[in-house]
Amino acid sequence: MCLLLLVLQLSACSPRQMIVGNLADELAAQGQDGETDLELVRDAAPFHLKFAESILRQEPGHIALAESVAAGFTQYAFAFVAFEAEQVEARDAKAAAQLRQRAATLYERAHRHAMSGLEKSSPGFAKALAKAQEKDWPRLTPKQVGLAYWAAASWGGWISLSKDDPDVVADLPLAVRLAQLAWAVDPDWGEGTLTGLLGTFEAARPGGSQKQAKAYFDQAIAQSGGKSAGALVGKAEAHALPVGDRAQFEILLRQALAIKDEAGSPRGLQNEVMRRRARWLLNRADDLF
C-alpha cells in the first residue's frame with residue numbers, strides 16, 4: 001500500500017499535465033464554436049475567458065489556446081465594451097470614456113497573450129519585429145498566422161483607443177508590419193479576415209492610401225465569397241465614410257445585413273456582431289454624412 005502511494009505521488013505530475021493539456025485543447029476548440037446569441041455570449045464570456053486564461057498560464061506554449069484567448073478578449077472588447085461606449089457617447093460622455101478605457105485594457109490584455117505565444121514559439125520575436133531592416137524581421141510559420149492576426153488586431157484596437165498615449169500610438173507601424181508578415185505567409189487566412197485587417201490599417205495609418213485600402217477590402221469581400229459581414233462593414237466605415245460616399249456606405253451595410261449564415265457556421269458569431277453594427281450605423285447615417 002505504501003509503495004502504491006509513493007508511485008502515485010511520484011507520477012502525479014504526469015496525469016495533471018495531461019489533464020491541463022486536454023483542457024487547453026478543449027478550450028481552444030470551444031473558442032471556435034458557432035454560437036450566435038450575442039447576449040448569451042456576453043454573459044458567458046467573462047468566465048470562459050478567465051478560465052481559459054488560467055489554463056494558458058499553465059500551458060504557455062499552447063499556440064491554439066493562446067490564439068483562442070487573444071481572440072476572445074479582442075472580440076469581447078470590440079463587440080461589447082467598445083461598441084457600448086460608442087452607443088452611450090451622446091448621452092453620457094463620462095461613461096463612454098470609462099468604457100473605452102476598459103476596452104483598451106482588454107485589447108492590451110489580448111495583445112499581451114498573443115505576443116507571449118509568439119515569443120514562446122519564436123524566442124526574440126518582439127525584438128526582431130522592431131528591427132529597422134526587413135532582413136531582420138521575424139519569419140512566421142503557417143501555424144503562427146492566426147496568433148499573429150489577433151496580436152495585430154488587438155494592437156490596432158488598443159492603439160485606436162489610446163490617442164492620449166503617444167507611446168502606444170507610436171507602435172502602429174509595428175502592428176501593421178505584423179499583419180503584413182502574416183499576410184505574406186497566408187493571404188487567404190480567415191477567408192479574407194486578415195486582408196480586411198490590412199484594409200483597416202491602411203485606411204487608418206498616417207499617409208495611408210484610400211485606393212489601397214479599397215483594394216484590400218474588395219479582395220477580402222471576394223475571398224469570403226461575399227459571406228463576411230465584417231469585410232462589408234469594414235469597407236463602409238473605413239472607405240465609404242471617409243470619402244463621403246453615402247450611397248456606397250448604405251449599400252455595403254445593407255449587403256452585410258442580407259447575409260444569411262448556415263447553421264453552425266464558424267463565421268456566424270462574427271457576422272452577427274457586424275450585422276448589429278451595420279444596423280446601428282445605418283440608423284446614424286444622417287449624423288455621419
# chains A, B, ... in the order shown; residues from 1 in each chain; ligands from 1
$ residues_around --residues "His239 in chain A" --least-positions-apart "4" --cutoff "12 Å" --atoms "only C-alpha atoms" --output "PyMOL selection string"
chain A and resi 196+199-204+208-218+231-235+243-246+248-249+252
$ closest_residue --among "A:Leu140, A:Leu288, A:Val169, A:Ala240" --to "Pro123 in chain A" --atoms "only C-alpha atoms"
A:Leu140
$ select_by_dssp --residues "range 115-259 of chain A" --states "alpha helix (DSSP H)" --output "ChimeraX atom specification"
/A:115-121,125-129,145-160,166-169,172-185,193-204,210-223,229-235,246-258
$ write_last_selection --atoms "C-alpha atoms" --output "mmCIF file, in the first residue's frame"
data_model
loop_
_atom_site.group_PDB
_atom_site.id
_atom_site.type_symbol
_atom_site.label_atom_id
_atom_site.label_comp_id
_atom_site.auth_asym_id
_atom_site.auth_seq_id
_atom_site.Cartn_x
_atom_site.Cartn_y
_atom_site.Cartn_z
ATOM 1 C CA MET A 115 2.647 38.228 -28.307
ATOM 2 C CA SER A 116 3.602 35.937 -25.419
ATOM 3 C CA GLY A 117 2.513 32.985 -27.538
ATOM 4 C CA LEU A 118 4.565 34.201 -30.488
ATOM 5 C CA GLU A 119 7.539 34.838 -28.225
ATOM 6 C CA LYS A 120 7.214 31.389 -26.654
ATOM 7 C CA SER A 121 7.226 29.664 -30.019
ATOM 8 C CA PHE A 125 10.068 37.606 -31.828
ATOM 9 C CA ALA A 126 9.128 41.030 -30.435
ATOM 10 C CA LYS A 127 12.682 42.325 -30.610
ATOM 11 C CA ALA A 128 13.051 41.143 -34.212
ATOM 12 C CA LEU A 129 9.712 42.738 -35.173
ATOM 13 C CA VAL A 145 -0.560 33.215 -38.630
ATOM 14 C CA GLY A 146 -3.769 33.137 -36.575
ATOM 15 C CA LEU A 147 -1.918 34.182 -33.441
ATOM 16 C CA ALA A 148 -0.203 36.969 -35.373
ATOM 17 C CA TYR A 149 -3.575 38.138 -36.708
ATOM 18 C CA TRP A 150 -5.036 38.506 -33.221
ATOM 19 C CA ALA A 151 -1.854 40.129 -31.950
ATOM 20 C CA ALA A 152 -2.124 42.728 -34.723
ATOM 21 C CA ALA A 153 -5.906 43.171 -34.462
ATOM 22 C CA SER A 154 -5.845 43.669 -30.688
ATOM 23 C CA TRP A 155 -2.875 46.008 -31.075
ATOM 24 C CA GLY A 156 -4.874 48.084 -33.533
ATOM 25 C CA GLY A 157 -7.846 48.238 -31.171
ATOM 26 C CA TRP A 158 -5.621 49.224 -28.259
ATOM 27 C CA ILE A 159 -3.942 51.953 -30.323
ATOM 28 C CA SER A 160 -7.261 53.331 -31.599
ATOM 29 C CA PRO A 166 1.941 58.572 -27.618
ATOM 30 C CA ASP A 167 3.995 55.517 -26.662
ATOM 31 C CA VAL A 168 1.110 53.213 -27.580
ATOM 32 C CA VAL A 169 0.202 55.124 -30.746
ATOM 33 C CA LEU A 172 1.049 51.421 -35.094
ATOM 34 C CA PRO A 173 3.734 50.718 -37.742
ATOM 35 C CA LEU A 174 4.695 47.560 -35.851
ATOM 36 C CA ALA A 175 1.073 46.385 -35.735
ATOM 37 C CA VAL A 176 0.789 46.980 -39.495
ATOM 38 C CA ARG A 177 4.095 45.182 -40.070
ATOM 39 C CA LEU A 178 2.943 42.168 -38.089
ATOM 40 C CA ALA A 179 -0.278 41.923 -40.113
ATOM 41 C CA GLN A 180 1.726 42.219 -43.342
ATOM 42 C CA LEU A 181 4.128 39.477 -42.247
ATOM 43 C CA ALA A 182 1.177 37.193 -41.516
ATOM 44 C CA TRP A 183 -0.442 38.048 -44.858
ATOM 45 C CA ALA A 184 2.780 37.205 -46.692
ATOM 46 C CA VAL A 185 2.576 33.680 -45.277
ATOM 47 C CA THR A 193 -10.327 38.351 -42.434
ATOM 48 C CA LEU A 194 -6.603 39.120 -42.447
ATOM 49 C CA THR A 195 -6.900 41.032 -45.723
ATOM 50 C CA GLY A 196 -9.699 43.122 -44.234
ATOM 51 C CA LEU A 197 -7.480 43.995 -41.272
ATOM 52 C CA LEU A 198 -4.863 45.289 -43.695
ATOM 53 C CA GLY A 199 -7.569 47.434 -45.295
ATOM 54 C CA THR A 200 -8.486 48.897 -41.922
ATOM 55 C CA PHE A 201 -4.855 49.600 -41.102
ATOM 56 C CA GLU A 202 -4.214 51.175 -44.499
ATOM 57 C CA ALA A 203 -7.195 53.498 -44.118
ATOM 58 C CA ALA A 204 -6.217 54.465 -40.563
ATOM 59 C CA GLN A 210 -7.662 55.048 -49.627
ATOM 60 C CA LYS A 211 -7.158 53.418 -53.022
ATOM 61 C CA GLN A 212 -5.066 50.646 -51.480
ATOM 62 C CA ALA A 213 -7.482 50.295 -48.560
ATOM 63 C CA LYS A 214 -10.373 49.836 -51.002
ATOM 64 C CA ALA A 215 -8.354 47.216 -52.894
ATOM 65 C CA TYR A 216 -7.778 45.287 -49.670
ATOM 66 C CA PHE A 217 -11.467 45.435 -48.735
ATOM 67 C CA ASP A 218 -12.550 44.340 -52.207
ATOM 68 C CA GLN A 219 -10.122 41.433 -52.026
ATOM 69 C CA ALA A 220 -11.404 40.492 -48.559
ATOM 70 C CA ILE A 221 -15.006 40.511 -49.816
ATOM 71 C CA ALA A 222 -14.007 38.294 -52.752
ATOM 72 C CA GLN A 223 -12.047 35.904 -50.531
ATOM 73 C CA ALA A 229 -20.334 40.971 -42.919
ATOM 74 C CA GLY A 230 -17.101 42.232 -41.377
ATOM 75 C CA ALA A 231 -15.468 42.916 -44.742
ATOM 76 C CA LEU A 232 -18.526 44.813 -45.961
ATOM 77 C CA VAL A 233 -18.916 46.874 -42.790
ATOM 78 C CA GLY A 234 -15.171 47.494 -42.739
ATOM 79 C CA LYS A 235 -15.260 48.907 -46.256
ATOM 80 C CA ARG A 246 -23.188 57.782 -48.563
ATOM 81 C CA ALA A 247 -24.769 55.689 -51.321
ATOM 82 C CA GLN A 248 -21.964 53.140 -51.211
ATOM 83 C CA PHE A 249 -21.934 53.261 -47.408
ATOM 84 C CA GLU A 250 -25.594 52.273 -47.219
ATOM 85 C CA ILE A 251 -25.338 49.666 -49.984
ATOM 86 C CA LEU A 252 -22.466 47.906 -48.208
ATOM 87 C CA LEU A 253 -24.259 47.906 -44.863
ATOM 88 C CA ARG A 254 -27.438 46.509 -46.399
ATOM 89 C CA GLN A 255 -25.405 43.809 -48.105
ATOM 90 C CA ALA A 256 -23.965 42.902 -44.703
ATOM 91 C CA LEU A 257 -27.463 42.715 -43.217
ATOM 92 C CA ALA A 258 -28.632 40.475 -46.059
#
$ residues_around --residues "range 261-270 of chain A" --least-positions-apart "3" --cutoff "10 Å" --atoms "only C-alpha atoms" --output "list in words"
Gln32, Asp33, Gly34, Glu35, Thr36, Asp37, Leu38, Val41, Gln75, Ala79, Gly190, Glu191, Lys227, Ser228, Ala229, Gly230, Ala258, Val273, Met274 and Arg275 of chain A
$ atom_distance --atom1 "CA of Gly124 in chain A" --atom2 "CA of Arg139 in chain A"
11.2 Å
$ atom_distance --atom1 "CA of Pro206 in chain A" --atom2 "CA of Gly226 in chain A"
29.0 Å
$ residues_around --residues "range 81-85 of chain A" --least-positions-apart "6" --cutoff "7 Å" --atoms "only C-alpha atoms" --output "list in words"
Ala96, Leu99, Arg100 and Ala103 of chain A
$ atom_distance --atom1 "CA of Ala71 in chain A" --atom2 "CA of Ser162 in chain A"
19.8 Å
